[in-house]
file work-v3.cif (mmCIF, C-alpha atoms)
data_query
#
loop_
_atom_site.group_PDB
_atom_site.id
_atom_site.type_symbol
_atom_site.label_atom_id
_atom_site.label_comp_id
_atom_site.auth_asym_id
_atom_site.auth_seq_id
_atom_site.Cartn_x
_atom_site.Cartn_y
_atom_site.Cartn_z
ATOM 1 C CA MET P 1 11.665 -5.937 14.024
ATOM 2 C CA LYS P 2 11.579 -5.976 10.248
ATOM 3 C CA ILE P 3 8.495 -4.052 9.173
ATOM 4 C CA GLY P 4 7.111 -3.818 5.658
ATOM 5 C CA ILE P 5 5.403 -0.568 4.700
ATOM 6 C CA PHE P 6 2.618 -1.221 2.184
ATOM 7 C CA GLY P 7 1.292 2.243 1.435
ATOM 8 C CA GLY P 8 -1.662 3.544 -0.492
ATOM 9 C CA THR P 9 -4.881 5.494 -0.317
ATOM 10 C CA PHE P 10 -6.779 2.166 -0.244
ATOM 11 C CA ASN P 11 -9.800 3.856 -1.760
ATOM 12 C CA PRO P 12 -11.188 1.246 -1.236
ATOM 13 C CA ILE P 13 -8.959 -1.588 -0.056
ATOM 14 C CA HIS P 14 -9.719 -4.665 -2.180
ATOM 15 C CA ILE P 15 -8.854 -8.354 -2.110
ATOM 16 C CA GLY P 16 -5.780 -7.766 -4.274
ATOM 17 C CA HIS P 17 -4.223 -5.682 -1.507
ATOM 18 C CA ALA P 18 -5.142 -8.383 1.022
ATOM 19 C CA ILE P 19 -3.727 -11.229 -1.079
ATOM 20 C CA ILE P 20 -0.403 -9.437 -1.640
ATOM 21 C CA ALA P 21 -0.042 -8.500 2.050
ATOM 22 C CA ASN P 22 -0.958 -12.023 3.176
ATOM 23 C CA PHE P 23 1.482 -13.589 0.709
ATOM 24 C CA ILE P 24 4.368 -11.341 1.756
ATOM 25 C CA ALA P 25 3.582 -11.819 5.456
ATOM 26 C CA GLN P 26 3.870 -15.585 5.014
ATOM 27 C CA ASN P 27 6.744 -15.737 2.520
ATOM 28 C CA SER P 28 9.298 -13.136 3.544
ATOM 29 C CA CYS P 29 11.675 -12.180 6.325
ATOM 30 C CA LEU P 30 9.270 -9.533 7.627
ATOM 31 C CA ASP P 31 7.980 -9.660 11.193
ATOM 32 C CA ALA P 32 5.099 -7.294 10.428
ATOM 33 C CA ILE P 33 3.434 -5.420 7.583
ATOM 34 C CA TRP P 34 1.769 -2.066 8.067
ATOM 35 C CA PHE P 35 -0.944 -0.994 5.642
ATOM 36 C CA MET P 36 0.117 2.673 5.608
ATOM 37 C CA VAL P 37 -3.048 4.595 4.761
ATOM 38 C CA ALA P 38 -2.123 7.789 2.926
ATOM 39 C CA PRO P 39 -4.045 11.045 3.108
ATOM 40 C CA GLN P 40 -6.141 11.582 -0.002
ATOM 41 C CA ASN P 41 -4.126 13.094 -2.828
ATOM 42 C CA PRO P 42 -5.433 16.654 -3.261
ATOM 43 C CA LEU P 43 -5.059 16.256 -7.026
ATOM 44 C CA LYS P 44 -7.519 13.358 -6.919
ATOM 45 C CA ALA P 45 -10.003 14.906 -4.500
ATOM 46 C CA GLY P 46 -12.895 14.527 -6.934
ATOM 47 C CA ALA P 47 -12.366 10.779 -7.115
ATOM 48 C CA CYS P 48 -12.491 10.267 -3.362
ATOM 49 C CA GLY P 49 -15.933 9.001 -2.346
ATOM 50 C CA ALA P 50 -14.723 7.910 1.113
ATOM 51 C CA SER P 51 -13.408 9.971 4.000
ATOM 52 C CA ASP P 52 -10.040 9.338 5.622
ATOM 53 C CA ILE P 53 -11.879 7.750 8.587
ATOM 54 C CA ASP P 54 -13.881 5.460 6.275
ATOM 55 C CA ARG P 55 -10.737 4.337 4.466
ATOM 56 C CA ILE P 56 -8.899 3.638 7.723
ATOM 57 C CA LYS P 57 -11.881 1.644 9.066
ATOM 58 C CA MET P 58 -12.042 -0.459 5.885
ATOM 59 C CA VAL P 59 -8.305 -1.159 5.995
ATOM 60 C CA GLU P 60 -8.645 -2.214 9.644
ATOM 61 C CA MET P 61 -11.390 -4.669 8.657
ATOM 62 C CA VAL P 62 -8.965 -6.380 6.277
ATOM 63 C CA ALA P 63 -5.785 -6.108 8.353
ATOM 64 C CA ARG P 64 -7.249 -7.778 11.428
ATOM 65 C CA LYS P 65 -7.886 -10.929 9.364
ATOM 66 C CA ILE P 66 -4.257 -11.312 8.249
ATOM 67 C CA ASP P 67 -1.536 -12.476 10.632
ATOM 68 C CA LYS P 68 1.314 -9.978 11.056
ATOM 69 C CA VAL P 69 -0.605 -7.207 9.265
ATOM 70 C CA THR P 70 -1.838 -4.022 10.945
ATOM 71 C CA THR P 71 -3.219 -0.653 9.910
ATOM 72 C CA SER P 72 -1.269 2.562 10.306
ATOM 73 C CA ALA P 73 -2.511 6.138 10.011
ATOM 74 C CA PHE P 74 1.044 7.381 10.653
ATOM 75 C CA GLU P 75 1.148 9.586 7.541
ATOM 76 C CA PHE P 76 -1.808 11.620 8.808
ATOM 77 C CA SER P 77 0.494 12.997 11.530
ATOM 78 C CA LEU P 78 3.047 14.276 8.998
ATOM 79 C CA PRO P 79 3.173 17.548 7.071
ATOM 80 C CA ARG P 80 1.530 17.393 3.641
ATOM 81 C CA PRO P 81 2.223 16.519 0.994
ATOM 82 C CA SER P 82 3.718 13.418 2.553
ATOM 83 C CA TYR P 83 6.463 11.955 0.392
ATOM 84 C CA THR P 84 7.548 8.348 0.891
ATOM 85 C CA TYR P 85 11.127 9.232 1.785
ATOM 86 C CA ASN P 86 9.979 11.675 4.475
ATOM 87 C CA THR P 87 7.611 9.059 5.877
ATOM 88 C CA LEU P 88 10.366 6.438 6.002
ATOM 89 C CA LEU P 89 12.795 8.871 7.658
ATOM 90 C CA GLU P 90 10.213 9.783 10.283
ATOM 91 C CA LEU P 91 9.462 6.098 10.928
ATOM 92 C CA LYS P 92 13.184 5.422 11.349
ATOM 93 C CA LYS P 93 13.433 8.365 13.772
ATOM 94 C CA ARG P 94 10.412 7.329 15.871
ATOM 95 C CA PHE P 95 11.193 3.595 15.803
ATOM 96 C CA PRO P 96 15.028 3.449 15.801
ATOM 97 C CA ASN P 97 15.204 -0.240 16.722
ATOM 98 C CA ASP P 98 13.115 -1.359 13.735
ATOM 99 C CA GLU P 99 14.147 -1.910 10.133
ATOM 100 C CA PHE P 100 11.718 -0.691 7.476
ATOM 101 C CA TYR P 101 11.096 -2.232 4.068
ATOM 102 C CA LEU P 102 9.101 -0.439 1.387
ATOM 103 C CA ILE P 103 6.607 -2.702 -0.439
ATOM 104 C CA ILE P 104 5.652 -1.525 -3.938
ATOM 105 C CA GLY P 105 4.221 -2.971 -7.122
ATOM 106 C CA GLY P 106 6.130 -3.463 -10.353
ATOM 107 C CA ASP P 107 4.234 -0.515 -11.850
ATOM 108 C CA ASN P 108 5.680 1.775 -9.172
ATOM 109 C CA TRP P 109 9.135 0.240 -9.539
ATOM 110 C CA GLN P 110 9.094 0.975 -13.271
ATOM 111 C CA ASN P 111 8.535 4.669 -12.447
ATOM 112 C CA PHE P 112 10.616 4.730 -9.274
ATOM 113 C CA ASP P 113 13.185 7.086 -10.768
ATOM 114 C CA LYS P 114 10.428 9.751 -10.838
ATOM 115 C CA TRP P 115 9.814 9.483 -7.088
ATOM 116 C CA ARG P 116 11.155 12.261 -4.896
ATOM 117 C CA ASN P 117 14.425 11.160 -3.228
ATOM 118 C CA HIS P 118 14.325 7.776 -4.982
ATOM 119 C CA ASP P 119 18.116 7.346 -4.734
ATOM 120 C CA GLU P 120 18.021 8.034 -1.000
ATOM 121 C CA ILE P 121 15.183 5.543 -0.508
ATOM 122 C CA ILE P 122 17.275 2.844 -2.202
ATOM 123 C CA ARG P 123 20.369 3.871 -0.248
ATOM 124 C CA ASP P 124 18.688 3.959 3.167
ATOM 125 C CA PHE P 125 15.924 1.342 2.986
ATOM 126 C CA ASN P 126 15.164 -2.090 1.585
ATOM 127 C CA ILE P 127 12.516 -2.403 -1.112
ATOM 128 C CA MET P 128 10.304 -5.380 -1.921
ATOM 129 C CA VAL P 129 8.682 -5.312 -5.354
ATOM 130 C CA TYR P 130 5.698 -7.496 -6.199
ATOM 131 C CA PRO P 131 4.830 -8.162 -9.857
ATOM 132 C CA ARG P 132 2.078 -6.350 -11.730
ATOM 133 C CA HIS P 133 0.655 -7.474 -15.065
ATOM 134 C CA GLY P 134 2.076 -5.494 -17.968
ATOM 135 C CA PHE P 135 5.097 -4.204 -16.047
ATOM 136 C CA GLU P 136 8.345 -6.079 -16.471
ATOM 137 C CA THR P 137 10.263 -5.930 -13.214
ATOM 138 C CA VAL P 138 13.992 -5.645 -13.758
ATOM 139 C CA ILE P 139 16.239 -5.124 -10.761
ATOM 140 C CA PRO P 140 19.745 -4.031 -11.729
ATOM 141 C CA GLU P 141 22.482 -6.226 -10.278
ATOM 142 C CA GLU P 142 24.003 -3.279 -8.385
ATOM 143 C CA LEU P 143 20.713 -2.834 -6.466
ATOM 144 C CA SER P 144 20.053 -6.508 -5.726
ATOM 145 C CA ASN P 145 21.308 -6.189 -2.145
ATOM 146 C CA ARG P 146 18.599 -3.539 -1.382
ATOM 147 C CA VAL P 147 15.798 -4.326 -3.823
ATOM 148 C CA LYS P 148 14.154 -7.760 -4.003
ATOM 149 C CA LEU P 149 11.488 -9.107 -6.319
ATOM 150 C CA ILE P 150 8.799 -10.978 -4.383
ATOM 151 C CA GLU P 151 7.203 -13.702 -6.491
ATOM 152 C CA ALA P 152 3.721 -12.866 -5.241
ATOM 153 C CA PRO P 153 0.593 -13.709 -7.240
ATOM 154 C CA ILE P 154 -0.324 -11.218 -9.935
ATOM 155 C CA ILE P 155 -3.687 -9.721 -9.011
ATOM 156 C CA GLU P 156 -5.270 -7.377 -11.507
ATOM 157 C CA LEU P 157 -7.676 -5.255 -9.521
ATOM 158 C CA SER P 158 -7.891 -1.506 -9.391
ATOM 159 C CA SER P 159 -9.532 0.679 -6.751
ATOM 160 C CA THR P 160 -10.347 3.133 -9.560
ATOM 161 C CA ASN P 161 -12.288 0.470 -11.474
ATOM 162 C CA ILE P 162 -13.993 -0.746 -8.312
ATOM 163 C CA ARG P 163 -15.117 2.809 -7.461
ATOM 164 C CA ALA P 164 -16.544 3.190 -10.978
ATOM 165 C CA ALA P 165 -18.398 -0.131 -10.685
ATOM 166 C CA LEU P 166 -19.785 0.828 -7.263
ATOM 167 C CA LYS P 167 -21.003 4.130 -8.680
ATOM 168 C CA GLU P 168 -22.901 2.143 -11.332
ATOM 169 C CA GLN P 169 -24.239 -0.109 -8.536
ATOM 170 C CA ARG P 170 -22.622 -3.226 -9.965
ATOM 171 C CA ASN P 171 -22.067 -6.213 -7.691
ATOM 172 C CA MET P 172 -18.581 -6.132 -6.159
ATOM 173 C CA ASN P 173 -18.784 -9.413 -4.234
ATOM 174 C CA PHE P 174 -15.433 -11.224 -4.479
ATOM 175 C CA PHE P 175 -13.611 -7.980 -5.354
ATOM 176 C CA LEU P 176 -13.904 -6.690 -1.782
ATOM 177 C CA SER P 177 -13.992 -8.506 1.536
ATOM 178 C CA ASN P 178 -17.566 -9.112 2.710
ATOM 179 C CA GLU P 179 -17.129 -6.753 5.654
ATOM 180 C CA VAL P 180 -15.716 -3.938 3.496
ATOM 181 C CA TYR P 181 -18.413 -4.387 0.857
ATOM 182 C CA GLU P 182 -21.188 -4.284 3.486
ATOM 183 C CA TYR P 183 -19.620 -1.161 5.013
ATOM 184 C CA ILE P 184 -19.536 0.555 1.614
ATOM 185 C CA LEU P 185 -23.169 -0.302 0.907
ATOM 186 C CA GLU P 186 -24.406 0.671 4.374
ATOM 187 C CA ASN P 187 -22.606 4.014 4.246
ATOM 188 C CA LYS P 188 -23.435 4.675 0.591
ATOM 189 C CA LEU P 189 -19.793 5.236 -0.320
ATOM 190 C CA TYR P 190 -18.721 5.768 -3.945
ATOM 191 C CA THR P 191 -22.288 6.306 -5.203
#
call {"tool": "encode", "arguments": {"input": "work-v3.cif", "output": "structure tokens"}}
result
Amino acid sequence: MKIGIFGGTFNPIHIGHAIIANFIAQNSCLDAIWFMVAPQNPLKAGACGASDIDRIKMVEMVARKIDKVTTSAFEFSLPRPSYTYNTLLELKKRFPNDEFYLIIGGDNWQNFDKWRNHDEIIRDFNIMVYPRHGFETVIPEELSNRVKLIEAPIIELSSTNIRAALKEQRNMNFFLSNEVYEYILENKLYT
């Protein structure tokens, strides 16, 4: 199977994540997409507002509504900090018959050369890049066999901004799925 790895802390998962995953699931060669929930970055611990379990539950609420998309807590089983290359290598080791594709935004692609083992990621895995507003996505010709630009819709939402709005008790209908928003309110997350 060809599996896309769409990673993030998803703190919280919002409709932008869902739209991108749904678009790629329907308009690419992938057989499946895994929302790879990452452990909370220890450098951002103060910004958390939701436990690992809460974040996984919210991602599951979204994933089950999108064909070919599932939730994975795989990175929680790995040593920390968990770097993308190590995660991809471990996936390849545990699932040798599958082919993994890394799904990232244009903002991450623009800074990809700062990622640990970025050359090895490009060498060993395929990358799908979706556009982000304000980040020109240029894929050098020599990488075009491993790195593809996906012409997905440009969605300008930020979990950081959504957390700030929730803290101020602003209405986040339409920014979050109904189920996720209700879960956040019921559990008093991000307040």
call {"tool": "residues_around", "arguments": {"input": "work-v3.cif", "residues": "Asn108 (chain P)", "least_positions_apart": "4", "cutoff": "12 Å", "atoms": "all atoms listed in the file", "output": "list in words"}}
result
Gly7, Gly8, Leu102, Ile103, Ile104, Phe112, Asp113, Lys114, Trp115, His118, Ile127, Met128, Val129, Tyr130, Pro131, Arg132, Gly134, Phe135, Glu136 and Thr137 of chain P
call {"tool": "closest_residue", "arguments": {"input": "work-v3.cif", "among": "P:Tyr101, P:Thr70, P:Asn161, P:Arg123", "to": "Phe175 (chain P)", "atoms": "all atoms listed in the file"}}
result
P:Asn161
call {"tool": "residues_around", "arguments": {"input": "work-v3.cif", "residues": "Phe35 (chain P)", "least_positions_apart": "3", "cutoff": "8 Å", "atoms": "only C-alpha atoms", "output": "list of chain:residue names"}}
result
P:Ile5, P:Phe6, P:Gly7, P:Gly8, P:Val59, P:Ala63, P:Val69, P:Thr70, P:Thr71, P:Ser72
call {"tool": "closest_residue", "arguments": {"input": "work-v3.cif", "among": "P:Glu182, P:Val138, P:Lys148, P:Thr87", "to": "Ile24 (chain P)", "atoms": "only C-alpha atoms"}}
result
P:Lys148
call {"tool": "atom_distance", "arguments": {"input": "work-v3.cif", "atom1": "CA of Phe95 (chain P)", "atom2": "CA of Ile121 (chain P)"}}
result
16.9 Å
call {"tool": "closest_atom_pairs", "arguments": {"input": "work-v3.cif", "of": "region 94-187 of chain P", "to": "region 53-57 of chain P", "cutoff": "12 Å", "atoms": "only C-alpha atoms", "output": "Markdown table"}}
result
| residue | atom | partner | partner_atom | distance |
| --- | --- | --- | --- | --- |
| P:Ser159 | CA | P:Arg55 | CA | 11.9 |
| P:Glu179 | CA | P:Lys57 | CA | 10.5 |
| P:Val180 | CA | P:Lys57 | CA | 8.8 |
| P:Tyr183 | CA | P:Asp54 | CA | 8.9 |
| P:Ile184 | CA | P:Asp54 | CA | 8.8 |
| P:Glu186 | CA | P:Asp54 | CA | 11.7 |
| P:Asn187 | CA | P:Asp54 | CA | 9.1 |
call {"tool": "residues_around", "arguments": {"input": "work-v3.cif", "residues": "Ala25 (chain P)", "least_positions_apart": "3", "cutoff": "12 Å", "atoms": "all atoms listed in the file", "output": "number ranges by chain"}}
result
P: 2-6, 18-22, 28-35, 63, 66-70, 103, 128, 150, 152
call {"tool": "closest_residue", "arguments": {"input": "work-v3.cif", "among": "P:Asp107, P:Phe23, P:Leu166, P:Val37", "to": "Thr9 (chain P)", "atoms": "all atoms listed in the file"}}
result
P:Val37
call {"tool": "atom_distance", "arguments": {"input": "work-v3.cif", "atom1": "CA of Asn145 (chain P)", "atom2": "CA of Phe125 (chain P)"}}
result
10.6 Å
call {"tool": "atom_distance", "arguments": {"input": "work-v3.cif", "atom1": "CA of Gly49 (chain P)", "atom2": "CA of Glu156 (chain P)"}}
result
21.6 Å
call {"tool": "closest_residue", "arguments": {"input": "work-v3.cif", "among": "P:Asp124, P:Phe74, P:Phe100, P:Gly106", "to": "Met1 (chain P)", "atoms": "all atoms listed in the file"}}
result
P:Phe100
call {"tool": "closest_residue", "arguments": {"input": "work-v3.cif", "among": "P:Arg116, P:Leu185, P:Met61, P:Gly105", "to": "Asn173 (chain P)", "atoms": "only C-alpha atoms"}}
result
P:Leu185
call {"tool": "closest_residue", "arguments": {"input": "work-v3.cif", "among": "P:Asn11, P:Asn97, P:Thr84, P:Ser158", "to": "Ala50 (chain P)", "atoms": "only C-alpha atoms"}}
result
P:Asn11
call {"tool": "residues_near_point", "arguments": {"input": "work-v3.cif", "point": "(-15.0, -0.1, -8.8)", "cutoff": "12 Å", "atoms": "all atoms listed in the file", "output": "VMD selection string"}}
result
chain P and resid 11 to 14 47 to 49 157 to 176 181 184 189 to 191
call {"tool": "resolve_selection", "arguments": {"input": "work-v3.cif", "expression": "the PyMOL selection byres ((chain P and resi 75) around 10)", "output": "VMD selection string"}}
result
chain P and resid 7 36 to 39 72 to 74 76 to 84 86 to 88 90 to 91
call {"tool": "decode", "arguments": {"input": "work-v3.cif", "residues": "region 151-165 of chain P", "atoms": "all heavy atoms", "output": "CSV table (one decimal), in the first residue's frame"}}
result
chain,number,residue,atom,x,y,z
P,151,GLU,N,-1.7,20.2,-5.8
P,151,GLU,CA,-2.5,21.4,-6.0
P,151,GLU,C,-3.7,21.4,-5.1
P,151,GLU,O,-4.8,21.6,-5.6
P,151,GLU,CB,-2.8,21.6,-7.4
P,151,GLU,CG,-1.6,21.9,-8.3
P,151,GLU,CD,-0.9,23.2,-8.0
P,151,GLU,OE1,-1.5,24.1,-7.5
P,151,GLU,OE2,0.3,23.2,-8.3
P,152,ALA,N,-3.5,21.3,-3.8
P,152,ALA,CA,-4.6,21.3,-2.8
P,152,ALA,C,-5.1,22.7,-2.6
P,152,ALA,O,-4.3,23.7,-2.8
P,152,ALA,CB,-4.2,20.6,-1.5
P,153,PRO,N,-6.3,22.9,-2.1
P,153,PRO,CA,-6.8,24.2,-1.7
P,153,PRO,C,-5.9,24.8,-0.6
P,153,PRO,O,-5.3,24.1,0.2
P,153,PRO,CB,-8.2,24.0,-1.1
P,153,PRO,CG,-8.5,22.6,-1.4
P,153,PRO,CD,-7.3,21.8,-1.7
P,154,ILE,N,-5.7,26.1,-0.7
P,154,ILE,CA,-4.9,26.9,0.3
P,154,ILE,C,-5.9,27.2,1.4
P,154,ILE,O,-6.8,28.0,1.2
P,154,ILE,CB,-4.3,28.1,-0.3
P,154,ILE,CG1,-3.2,27.7,-1.3
P,154,ILE,CG2,-3.6,28.9,0.8
P,154,ILE,CD1,-2.6,28.8,-2.1
P,155,ILE,N,-5.6,26.7,2.6
P,155,ILE,CA,-6.5,26.9,3.8
P,155,ILE,C,-5.6,27.6,4.8
P,155,ILE,O,-4.6,27.1,5.2
P,155,ILE,CB,-7.0,25.6,4.4
P,155,ILE,CG1,-7.6,24.7,3.3
P,155,ILE,CG2,-7.9,25.8,5.6
P,155,ILE,CD1,-8.9,25.2,2.7
P,156,GLU,N,-6.1,28.8,5.2
P,156,GLU,CA,-5.3,29.6,6.2
P,156,GLU,C,-5.9,29.5,7.5
P,156,GLU,O,-6.6,30.4,8.0
P,156,GLU,CB,-5.1,31.0,5.7
P,156,GLU,CG,-4.1,31.2,4.6
P,156,GLU,CD,-2.8,30.5,4.9
P,156,GLU,OE1,-2.1,30.8,5.9
P,156,GLU,OE2,-2.4,29.6,4.1
P,157,LEU,N,-5.6,28.4,8.2
P,157,LEU,CA,-6.0,28.3,9.6
P,157,LEU,C,-4.8,27.9,10.4
P,157,LEU,O,-3.9,27.2,9.9
P,157,LEU,CB,-7.1,27.2,9.8
P,157,LEU,CG,-8.5,27.6,9.2
P,157,LEU,CD1,-9.5,26.4,9.4
P,157,LEU,CD2,-9.1,28.8,9.9
P,158,SER,N,-4.8,28.2,11.7
P,158,SER,CA,-3.7,27.9,12.5
P,158,SER,C,-4.2,27.4,13.9
P,158,SER,O,-5.1,28.1,14.5
P,158,SER,CB,-2.9,29.2,12.7
P,158,SER,OG,-2.2,29.2,14.0
P,159,SER,N,-3.7,26.3,14.3
P,159,SER,CA,-4.1,25.8,15.6
P,159,SER,C,-3.7,26.8,16.7
P,159,SER,O,-4.4,26.9,17.7
P,159,SER,CB,-3.4,24.4,15.9
P,159,SER,OG,-3.9,23.4,15.0
P,160,THR,N,-2.6,27.5,16.5
P,160,THR,CA,-2.2,28.5,17.5
P,160,THR,C,-3.2,29.6,17.7
P,160,THR,O,-3.6,29.9,18.8
P,160,THR,CB,-0.8,29.1,17.1
P,160,THR,OG1,0.1,28.1,17.0
P,160,THR,CG2,-0.4,30.2,18.1
P,161,ASN,N,-3.7,30.1,16.5
P,161,ASN,CA,-4.8,31.1,16.6
P,161,ASN,C,-6.1,30.6,17.1
P,161,ASN,O,-6.8,31.3,17.8
P,161,ASN,CB,-5.0,31.7,15.2
P,161,ASN,CG,-3.8,32.5,14.7
P,161,ASN,OD1,-2.9,32.9,15.5
P,161,ASN,ND2,-3.7,32.7,13.4
P,162,ILE,N,-6.4,29.4,16.8
P,162,ILE,CA,-7.6,28.8,17.3
P,162,ILE,C,-7.6,28.6,18.8
P,162,ILE,O,-8.5,28.9,19.5
P,162,ILE,CB,-7.9,27.4,16.6
P,162,ILE,CG1,-8.4,27.7,15.1
P,162,ILE,CG2,-9.0,26.6,17.3
P,162,ILE,CD1,-8.5,26.5,14.2
P,163,ARG,N,-6.4,28.1,19.3
P,163,ARG,CA,-6.2,28.0,20.8
P,163,ARG,C,-6.4,29.4,21.5
P,163,ARG,O,-7.1,29.5,22.5
P,163,ARG,CB,-4.9,27.5,21.1
P,163,ARG,CG,-4.7,26.0,20.9
P,163,ARG,CD,-3.5,25.4,21.6
P,163,ARG,NE,-2.2,26.1,21.3
P,163,ARG,CZ,-1.5,25.8,20.2
P,163,ARG,NH1,-1.8,24.9,19.4
P,163,ARG,NH2,-0.3,26.5,20.0
P,164,ALA,N,-5.8,30.4,20.9
P,164,ALA,CA,-6.0,31.8,21.4
P,164,ALA,C,-7.4,32.2,21.5
P,164,ALA,O,-7.9,32.8,22.4
P,164,ALA,CB,-5.1,32.7,20.7
P,165,ALA,N,-8.1,31.9,20.4
P,165,ALA,CA,-9.5,32.3,20.3
P,165,ALA,C,-10.4,31.5,21.3
P,165,ALA,O,-11.3,32.1,21.9
P,165,ALA,CB,-10.1,32.1,18.9
